[in-house]
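Source file: run.txt. Holds: compact mmCIF, C-alpha atoms.
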# COMPACT_ATOMS: atom_id res chain seq x y z
CA MET A 1038 21.85 -20.02 67.43
CA GLN A 1039 22.41 -16.39 68.34
CA THR A 1040 19.39 -14.12 67.96
CA LEU A 1041 18.43 -10.53 68.72
CA GLU A 1042 15.89 -9.80 71.46
CA PRO A 1043 14.24 -6.34 71.23
CA ASP A 1044 13.76 -4.46 74.49
CA PRO A 1045 10.39 -4.98 76.27
CA ALA A 1046 9.16 -1.47 75.44
CA GLN A 1047 9.22 -2.33 71.75
CA ARG A 1048 7.88 -5.89 72.02
CA ALA A 1049 4.23 -5.10 71.29
CA SER A 1050 5.11 -2.93 68.32
CA SER A 1051 7.55 -5.50 66.99
CA HIS A 1052 4.98 -8.28 67.40
CA SER A 1053 2.42 -6.49 65.24
CA ARG A 1054 5.04 -5.86 62.58
CA PHE A 1055 6.08 -9.52 62.66
CA THR A 1056 2.44 -10.51 62.14
CA TRP A 1057 2.48 -8.54 58.90
CA MET A 1058 5.88 -9.93 57.91
CA ALA A 1059 4.69 -13.50 58.36
CA GLY A 1060 3.20 -13.21 54.89
CA GLY A 1061 5.08 -11.86 51.90
CA VAL A 1062 7.68 -9.97 53.90
CA ALA A 1063 8.77 -13.17 55.63
CA ALA A 1064 10.56 -13.88 52.39
CA VAL A 1065 12.40 -10.58 52.74
CA VAL A 1066 13.52 -11.30 56.29
CA ALA A 1067 14.67 -14.79 55.42
CA ALA A 1068 16.55 -13.44 52.46
CA ALA A 1069 18.48 -11.01 54.61
CA ALA A 1070 19.21 -13.70 57.14
CA ILE A 1071 20.93 -15.93 54.64
CA SER A 1072 22.11 -13.46 52.05
CA TYR A 1073 25.18 -15.38 51.03
CA ALA A 1074 25.09 -17.67 48.05
CA VAL A 1075 23.11 -16.87 44.97
CA GLY A 1076 22.23 -14.33 42.32
CA THR A 1077 19.37 -15.04 39.96
CA ALA A 1078 19.73 -14.12 36.30
CA HIS A 1079 16.69 -12.37 34.87
CA GLU A 1080 15.27 -10.59 31.90
CA LYS A 1081 16.35 -7.09 32.95
CA THR A 1082 20.12 -7.32 32.73
CA LYS A 1083 21.81 -6.16 35.90
CA THR A 1084 25.36 -7.16 36.70
CA VAL A 1085 27.85 -7.47 39.53
CA VAL A 1086 30.95 -7.88 37.35
CA GLN A 1087 33.15 -4.82 37.58
CA THR A 1088 35.44 -5.26 34.57
CA VAL A 1089 35.96 -7.60 31.64
CA SER A 1090 38.77 -8.00 29.18
CA ALA A 1091 38.26 -6.38 25.80
CA THR A 1092 39.49 -9.60 24.21
CA PRO A 1093 38.62 -12.45 26.57
CA ALA A 1094 41.15 -15.25 26.56
CA LYS A 1095 39.92 -18.60 25.39
CA SER A 1096 39.77 -21.25 28.05
CA THR A 1097 39.79 -24.99 27.74
CA LYS A 1098 37.73 -25.25 30.94
CA ALA A 1099 33.96 -25.05 30.86
CA ALA A 1100 32.41 -22.12 32.67
CA PRO A 1101 31.15 -23.08 36.15
CA THR A 1102 27.49 -23.95 36.28
CA CYS A 1103 27.19 -23.63 40.03
CA ILE A 1104 28.79 -21.15 42.43
CA PRO A 1105 29.26 -22.48 46.00
CA GLY A 1106 27.96 -20.34 48.83
CA ALA A 1107 29.37 -19.81 52.31
CA ALA A 1108 27.72 -22.93 53.68
CA PRO A 1109 29.27 -26.25 52.62
CA THR A 1110 25.97 -27.46 51.13
CA SER A 1111 24.99 -24.20 49.43
CA CYS A 1112 25.32 -23.76 45.67
CA ASN A 1113 23.36 -21.98 42.95
CA THR A 1114 23.47 -22.10 39.19
CA ASP A 1115 22.03 -18.62 38.65
CA GLU A 1116 24.95 -16.89 40.34
CA ALA A 1117 27.26 -18.43 37.76
CA LYS A 1118 25.13 -16.84 35.02
CA GLU A 1119 25.15 -13.51 36.85
CA LEU A 1120 28.92 -13.41 37.16
CA ALA A 1121 29.29 -13.88 33.41
CA ILE A 1122 27.53 -10.58 32.62
CA PRO A 1123 29.90 -7.60 32.23
CA ASP A 1124 29.23 -4.09 33.48
CA GLN A 1125 27.83 -1.68 30.93
CA PRO A 1126 29.31 1.82 30.45
CA LEU A 1127 27.16 4.71 31.67
CA ASN A 1128 26.43 7.98 29.95
CA ALA A 1129 27.09 11.22 31.83
CA PRO A 1130 23.50 11.91 33.04
CA THR A 1131 23.09 8.35 34.33
CA ARG A 1132 26.45 8.48 36.08
CA THR A 1133 25.45 11.73 37.79
CA VAL A 1134 22.24 10.21 39.15
CA LEU A 1135 24.02 7.04 40.25
CA SER A 1136 26.67 9.04 42.11
CA GLN A 1137 23.95 10.90 44.00
CA GLU A 1138 22.23 7.63 44.90
CA LEU A 1139 25.46 6.07 46.17
CA VAL A 1140 26.13 9.11 48.34
CA ALA A 1141 22.63 8.75 49.80
CA ALA A 1142 23.21 5.04 50.42
CA ARG A 1143 26.50 5.75 52.19
CA ALA A 1144 24.87 8.41 54.38
CA ALA A 1145 22.14 5.93 55.34
CA ALA A 1146 24.74 3.36 56.37
CA LEU A 1147 26.80 5.82 58.40
CA ARG A 1148 23.77 6.89 60.43
CA TYR A 1149 24.17 3.55 62.25
CA PRO A 1150 27.94 3.01 62.48
CA THR A 1151 27.83 0.10 64.96
CA VAL A 1152 25.60 -2.85 65.80
CA ALA A 1153 24.78 -1.06 69.06
CA ASP A 1154 23.37 1.81 67.01
CA ALA A 1155 21.27 -0.62 64.96
CA GLU A 1156 19.96 -2.27 68.11
CA ASN A 1157 19.15 1.10 69.68
CA ALA A 1158 17.11 1.84 66.56
CA HIS A 1159 15.27 -1.46 67.16
CA MET A 1160 16.59 -3.14 64.05
CA LEU A 1161 16.33 -6.92 64.12
CA GLN A 1162 19.30 -9.20 63.60
CA ALA A 1163 18.49 -11.84 60.99
CA GLY A 1164 20.73 -14.87 61.35
CA GLN A 1165 24.37 -14.47 62.29
CA PHE A 1166 27.54 -13.29 60.55
CA SER A 1167 28.52 -14.88 57.23
CA PRO A 1168 31.83 -14.38 55.44
CA LEU A 1169 31.53 -12.52 52.12
CA THR A 1170 28.18 -10.98 53.08
CA GLY A 1171 28.34 -9.96 56.75
CA ALA A 1172 25.66 -9.73 59.44
CA HIS A 1173 22.31 -8.28 58.42
CA PHE A 1174 20.08 -6.10 60.58
CA ILE A 1175 16.56 -5.46 59.34
CA ASN A 1176 15.22 -1.91 59.45
CA ILE A 1177 11.55 -2.54 60.21
CA GLY A 1178 10.76 1.13 59.62
CA ALA A 1179 11.75 0.77 55.96
CA MET A 1180 9.55 -2.31 55.55
CA VAL A 1181 6.15 -1.06 56.73
CA PRO A 1182 3.19 -2.29 54.64
CA HIS A 1183 2.54 1.10 53.08
CA GLY A 1184 6.15 2.04 52.47
CA THR A 1185 7.28 2.65 48.91
CA ASN A 1186 10.44 0.54 49.01
CA VAL A 1187 9.36 -2.99 49.79
CA ARG A 1188 5.62 -3.43 49.50
CA TYR A 1189 5.12 -1.79 46.14
CA GLY A 1190 8.53 -2.20 44.56
CA GLY A 1191 9.59 1.46 44.64
CA PHE A 1192 13.20 2.42 45.27
CA ASP A 1193 14.79 5.03 47.52
CA ALA A 1194 18.57 4.81 47.92
CA SER A 1195 18.35 6.70 51.23
CA GLN A 1196 16.14 3.99 52.78
CA PRO A 1197 17.87 0.59 52.71
CA GLN A 1198 15.86 -2.20 54.32
CA SER A 1199 18.93 -3.85 55.82
CA LEU A 1200 22.29 -2.70 57.14
CA ILE A 1201 25.31 -4.99 56.92
CA TYR A 1202 27.96 -5.25 59.67
CA ASP A 1203 31.34 -6.93 60.01
CA GLY A 1204 30.11 -8.90 63.03
CA SER A 1205 27.22 -9.13 65.48
CA ASP A 1206 28.88 -7.72 68.61
CA PRO A 1207 27.78 -4.26 69.81
CA THR A 1208 31.02 -2.72 68.56
CA SER A 1209 30.93 -4.37 65.12
CA ARG A 1210 31.06 -1.79 62.32
CA VAL A 1211 28.73 -1.11 59.42
CA ILE A 1212 30.16 -2.17 56.04
CA GLY A 1213 27.29 -1.91 53.57
CA VAL A 1214 23.56 -1.91 52.95
CA MET A 1215 20.99 -4.11 51.26
CA TYR A 1216 17.80 -3.18 49.43
CA LEU A 1217 14.75 -5.42 49.13
CA SER A 1218 11.69 -5.57 46.93
CA LEU A 1219 8.56 -7.70 46.82
CA SER A 1220 7.85 -6.77 43.22
CA VAL A 1221 7.16 -9.60 40.80
CA LEU A 1222 9.91 -8.49 38.42
CA PRO A 1223 13.26 -7.08 39.60
CA PRO A 1224 12.90 -3.36 40.38
CA GLN A 1225 14.64 -0.62 38.48
CA GLY A 1226 16.78 0.13 41.52
CA PHE A 1227 19.88 2.27 41.07
CA ALA A 1228 20.41 4.31 37.92
CA GLY A 1229 21.96 2.30 35.12
CA PRO A 1230 21.98 -1.44 34.37
CA ASN A 1231 24.75 -2.59 36.68
CA ASP A 1232 22.92 -3.37 39.94
CA HIS A 1233 21.91 -6.96 39.47
CA TRP A 1234 19.09 -7.93 41.85
CA HIS A 1235 18.95 -11.53 43.00
CA ARG A 1236 16.87 -13.97 45.00
CA HIS A 1237 17.58 -16.98 47.22
CA THR A 1238 15.99 -20.41 47.11
CA ASN A 1239 14.94 -23.00 49.70
CA THR A 1240 15.05 -20.76 52.76
CA CYS A 1241 13.70 -21.53 56.20
CA VAL A 1242 13.16 -18.84 58.83
CA VAL A 1243 11.94 -19.43 62.37
CA TYR A 1244 10.12 -16.75 64.35
CA GLN A 1245 10.45 -17.09 68.11
CA GLY A 1246 8.44 -14.19 69.47
CA ALA A 1247 10.38 -11.23 68.14
CA LYS A 1248 13.44 -13.31 67.31
CA ILE A 1249 14.61 -14.53 63.93
CA VAL A 1250 16.72 -17.66 63.59
CA VAL A 1251 17.95 -19.51 60.51
CA PRO A 1252 18.31 -23.27 61.08
CA PHE A 1253 19.45 -24.34 57.60
CA ALA A 1254 21.66 -23.10 54.81
CA ALA A 1255 19.83 -21.39 51.97
CA ASP A 1256 20.23 -22.46 48.34
CA SER A 1257 20.67 -26.08 49.39
CA ASP A 1258 18.46 -29.17 49.52
CA VAL A 1259 16.34 -27.98 52.45
CA THR A 1260 12.71 -29.09 52.09
CA GLU A 1261 9.43 -27.78 53.41
CA PRO A 1262 8.97 -30.77 55.79
CA MET A 1263 12.45 -30.17 57.21
CA CYS A 1264 11.55 -26.54 57.85
CA ALA A 1265 8.17 -27.46 59.33
CA ALA A 1266 9.92 -29.79 61.79
CA LYS A 1267 11.73 -26.68 63.09
CA HIS A 1268 8.41 -24.78 63.25
CA GLY A 1269 9.71 -22.47 60.55
CA GLN A 1270 8.34 -20.84 57.43
CA PHE A 1271 9.66 -22.22 54.16
CA MET A 1272 10.15 -20.13 51.02
CA ARG A 1273 10.93 -21.76 47.72
CA GLU A 1274 12.10 -18.37 46.47
CA THR A 1275 12.70 -15.10 48.31
CA ALA A 1276 12.13 -11.46 47.47
CA TRP A 1277 14.48 -9.48 45.22
CA MET A 1278 17.54 -7.93 46.86
CA VAL A 1279 20.81 -6.20 46.06
CA HIS A 1280 23.87 -5.32 48.15
CA ALA A 1281 25.62 -1.97 47.94
CA TRP A 1282 29.15 -1.87 49.38
CA VAL A 1283 29.23 1.89 49.90
CA VAL A 1284 31.07 2.27 53.21
CA PRO A 1285 34.61 3.69 52.80
CA GLY A 1286 37.19 1.01 53.43
CA TRP A 1287 34.75 -1.81 52.59
CA GLU A 1288 34.45 -1.35 48.84
CA SER A 1289 34.04 -4.74 47.20
CA PRO A 1290 36.83 -5.76 44.80
CA SER A 1291 34.08 -7.19 42.56
CA GLY A 1292 32.11 -3.96 42.33
CA VAL A 1293 29.81 -1.86 44.46
CA PHE A 1294 26.79 -4.05 43.70
CA SER A 1295 28.47 -7.44 43.92
CA HIS A 1296 26.69 -10.10 45.92
CA ASP A 1297 29.90 -11.15 47.70
CA ASN A 1298 32.64 -8.94 49.10
CA SER A 1299 35.83 -10.96 49.31
CA ASP A 1300 37.21 -8.62 52.00
CA VAL A 1301 34.45 -9.68 54.41
CA ARG A 1302 35.88 -12.61 56.35
CA CYS A 1303 35.55 -14.46 59.62
CA ALA A 1304 37.40 -13.03 62.62
CA ASN A 1305 40.26 -15.46 62.03
CA GLY A 1306 40.65 -14.27 58.43
CA SER A 1307 39.21 -17.43 56.90
CA LEU A 1308 36.00 -18.25 55.03
CA LYS A 1309 35.36 -21.38 57.10
CA THR A 1310 31.80 -21.58 58.44
CA ASP A 1311 29.46 -23.90 60.27
CA ALA A 1312 26.91 -26.01 58.40
CA VAL A 1313 24.50 -23.08 58.03
CA GLY A 1314 27.11 -20.70 56.64
CA PHE A 1315 27.92 -18.65 59.76
CA CYS A 1316 31.14 -17.87 61.61
CA GLN A 1317 32.42 -15.41 64.21
CA GLY A 1318 32.76 -11.88 62.89
CA THR A 1319 34.61 -9.01 64.52

Entire entry expressed as structure tokens:
Amino acid sequence: MQTLEPDPAQRASSHSRFTWMAGGVAAVVAAAAISYAVGTAHEKTKTVVQTVSATPAKSTKAAPTCIPGAAPTSCNTDEAKELAIPDQPLNAPTRTVLSQELVAARAAALRYPTVADAENAHMLQAGQFSPLTGAHFINIGAMVPHGTNVRYGGFDASQPQSLIYDGSDPTSRVIGVMYLSLSVLPPQGFAGPNDHWHRHTNTCVVYQGAKIVVPFAADSDVTEPMCAAKHGQFMRETAWMVHAWVVPGWESPSGVFSHDNSDVRCANGSLKTDAVGFCQGT
């Protein structure tokens, strides 16, 4: 499985940061590595649905109870609940704040336009490329123990913890960002109620020095013994996260905060993946 190897000059620093991440933040890293399959419904209503009909048509079919992920074995019931929640209209002051936050998020993404830029900034690739959700690179600097974003549940739109790319080659382009939180309840996040934070289940992440690999599909029937056999760390449930598709040209048809972006596809234009949910990006 393809992994990212930091340069030797950063190895000692990266190792100390990985020691810290091996606890609660391991859940964050694993979440970014397999961020492709599930949204968890929760008490604070956040949504990824962009529009709904004013008079929904009646259907003879039952609403889906499980939404398949990119991997063939991945499926989650909570994402089905999430997709059923419509966006809420915003008042003028809230819309003004949200617009400022989205501009800040876009600026943060465009600071690292290619994977080469992310690697030069010593970001760590977590897993490989997945259709619908891209390739995630972890910004360790935004995940330090005393930072406001991750450790204590604060939110700063200008400091995403992960950048999303349309592939894992050096020339692959940035397409979005992801925010993470270790708070017990979903964080307030962006202004308004329409950024629906989610979590993943049954994740396994393997640390190999300063490398991160993902041996199994998330949101499937992976067990702790299976993960232990790979010398990995198993998380029944990950940290909170939300995508923001803020890069021009990569706006998600399902909304800026949608979990999946249907325009993000494998290099051959398909959604066909390997057993873990990965394929070749651009």

Write out as a Markdown table a residue-level contact list of range 1114-1181 of chain A versus range 1247-1260 of chain A with cut-off 12 Å: for each qualifying residue the closest pair of atoms and the distance in Å to one decimal, counting all atoms listed in the file, rows sorted by chain and residue number upward.
| residue | atom | partner | partner_atom | distance |
| --- | --- | --- | --- | --- |
| A:Thr1114 | CA | A:Asp1256 | CA | 9.7 |
| A:Asp1115 | CA | A:Asp1256 | CA | 10.6 |
| A:Glu1116 | CA | A:Asp1256 | CA | 10.8 |
| A:His1159 | CA | A:Ala1247 | CA | 11.0 |
| A:Met1160 | CA | A:Ala1247 | CA | 11.0 |
| A:Leu1161 | CA | A:Lys1248 | CA | 7.7 |
| A:Gln1162 | CA | A:Ile1249 | CA | 7.1 |
| A:Ala1163 | CA | A:Ile1249 | CA | 5.6 |
| A:Gly1164 | CA | A:Val1250 | CA | 5.4 |
| A:Gln1165 | CA | A:Val1251 | CA | 8.4 |
| A:Phe1166 | CA | A:Val1251 | CA | 11.4 |
| A:Ser1167 | CA | A:Ala1254 | CA | 11.0 |
| A:His1173 | CA | A:Ile1249 | CA | 11.3 |
| A:Phe1174 | CA | A:Ile1249 | CA | 10.6 |
| A:Ile1175 | CA | A:Ile1249 | CA | 10.4 |
| A:Ile1177 | CA | A:Ala1247 | CA | 11.8 |

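Of the listed residues A:Gly1292, A:Pro1101, A:Pro1130, A:Pro1168, the one whose atoms come nearest to His1233 in chain A is A:Gly1292, with distances taken using only C-alpha atoms.
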
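Reported to one decimal place, the separation of CA of Thr1170 in chain A from CA of Tyr1149 in chain A is 17.6 Å.
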
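The interatomic distance for the pair CA of Ala1172 in chain A and CA of Pro1290 in chain A works out to 18.8 Å.
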
Review point. Which residue gives the smallest distance to Tyr1244 in chain A among A:Ser1218, A:Trp1287, A:Ser1199, A:Gly1269, with all atoms listed in the file counted?
Key: A:Gly1269

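Note that CA of Gln1196 in chain A and CA of Ala1145 in chain A are 6.8 Å apart.
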
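Among the candidates A:Gly1178, A:Gly1171, A:Pro1105, A:Pro1123, the one nearest to Asp1232 in chain A when counting only C-alpha atoms is A:Pro1123.
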
Check your understanding: For Thr1151 in chain A, which of A:Val1211, A:Val1242, A:Leu1200, A:Ala1265 is the closest residue, counting all atoms listed in the file?
Key -> A:Val1211

Completion step: range 1299-1310 of chain A with all heavy atoms as a compact mmCIF listing (two decimals), in the frame of the given file:
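Produced file result_31.txt, reproduced below:
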# COMPACT_ATOMS: atom_id res chain seq x y z
N SER A 1299 34.78 -10.05 48.90
CA SER A 1299 35.83 -10.96 49.31
C SER A 1299 36.65 -10.45 50.49
O SER A 1299 37.41 -11.21 51.10
CB SER A 1299 36.76 -11.27 48.13
OG SER A 1299 37.35 -10.08 47.63
N ASP A 1300 36.52 -9.17 50.84
CA ASP A 1300 37.21 -8.62 52.00
C ASP A 1300 36.48 -8.90 53.31
O ASP A 1300 37.01 -8.64 54.39
CB ASP A 1300 37.40 -7.12 51.84
CG ASP A 1300 38.44 -6.77 50.78
OD1 ASP A 1300 39.23 -7.66 50.42
OD2 ASP A 1300 38.44 -5.63 50.31
N VAL A 1301 35.24 -9.39 53.22
CA VAL A 1301 34.45 -9.68 54.41
C VAL A 1301 34.73 -11.12 54.83
O VAL A 1301 34.31 -12.06 54.15
CB VAL A 1301 32.95 -9.47 54.15
CG1 VAL A 1301 32.12 -9.80 55.39
CG2 VAL A 1301 32.69 -8.04 53.70
N ARG A 1302 35.43 -11.28 55.92
CA ARG A 1302 35.88 -12.61 56.35
C ARG A 1302 35.58 -12.85 57.82
O ARG A 1302 35.25 -11.93 58.57
CB ARG A 1302 37.38 -12.77 56.09
CG ARG A 1302 37.72 -12.75 54.59
CD ARG A 1302 39.19 -12.83 54.31
NE ARG A 1302 39.42 -12.98 52.89
CZ ARG A 1302 39.63 -14.14 52.27
NH1 ARG A 1302 39.67 -15.26 52.98
NH2 ARG A 1302 39.81 -14.20 50.97
N CYS A 1303 35.71 -14.11 58.22
CA CYS A 1303 35.55 -14.46 59.62
C CYS A 1303 36.64 -13.77 60.44
O CYS A 1303 37.64 -13.31 59.90
CB CYS A 1303 35.64 -15.97 59.80
SG CYS A 1303 34.50 -16.93 58.76
N ALA A 1304 36.45 -13.72 61.75
CA ALA A 1304 37.40 -13.03 62.62
C ALA A 1304 38.81 -13.58 62.50
O ALA A 1304 39.79 -12.84 62.66
CB ALA A 1304 36.93 -13.11 64.07
N ASN A 1305 38.93 -14.85 62.17
CA ASN A 1305 40.26 -15.46 62.03
C ASN A 1305 40.84 -15.29 60.63
O ASN A 1305 41.89 -15.85 60.31
CB ASN A 1305 40.22 -16.94 62.41
CG ASN A 1305 39.28 -17.76 61.53
OD1 ASN A 1305 38.77 -17.26 60.52
ND2 ASN A 1305 39.04 -19.00 61.90
N GLY A 1306 40.16 -14.54 59.78
CA GLY A 1306 40.65 -14.27 58.43
C GLY A 1306 40.27 -15.31 57.41
O GLY A 1306 40.61 -15.16 56.22
N SER A 1307 39.56 -16.34 57.82
CA SER A 1307 39.21 -17.43 56.90
C SER A 1307 37.79 -17.24 56.38
O SER A 1307 37.08 -16.30 56.72
CB SER A 1307 39.31 -18.77 57.62
OG SER A 1307 38.19 -18.96 58.49
N LEU A 1308 37.38 -18.18 55.52
CA LEU A 1308 36.00 -18.25 55.03
C LEU A 1308 35.31 -19.50 55.57
O LEU A 1308 34.25 -19.88 55.08
CB LEU A 1308 35.98 -18.27 53.50
CG LEU A 1308 36.60 -17.07 52.79
CD1 LEU A 1308 36.58 -17.27 51.28
CD2 LEU A 1308 35.89 -15.77 53.16
N LYS A 1309 35.88 -20.12 56.56
CA LYS A 1309 35.36 -21.38 57.10
C LYS A 1309 34.15 -21.11 57.99
O LYS A 1309 34.21 -20.29 58.91
CB LYS A 1309 36.45 -22.10 57.90
CG LYS A 1309 36.04 -23.48 58.39
CD LYS A 1309 37.19 -24.18 59.07
CE LYS A 1309 36.77 -25.53 59.62
NZ LYS A 1309 36.27 -26.43 58.57
N THR A 1310 33.05 -21.81 57.72
CA THR A 1310 31.80 -21.58 58.44
C THR A 1310 31.26 -22.88 59.05
O THR A 1310 31.79 -23.97 58.81
CB THR A 1310 30.72 -21.03 57.50
OG1 THR A 1310 30.29 -22.07 56.61
CG2 THR A 1310 31.22 -19.84 56.71
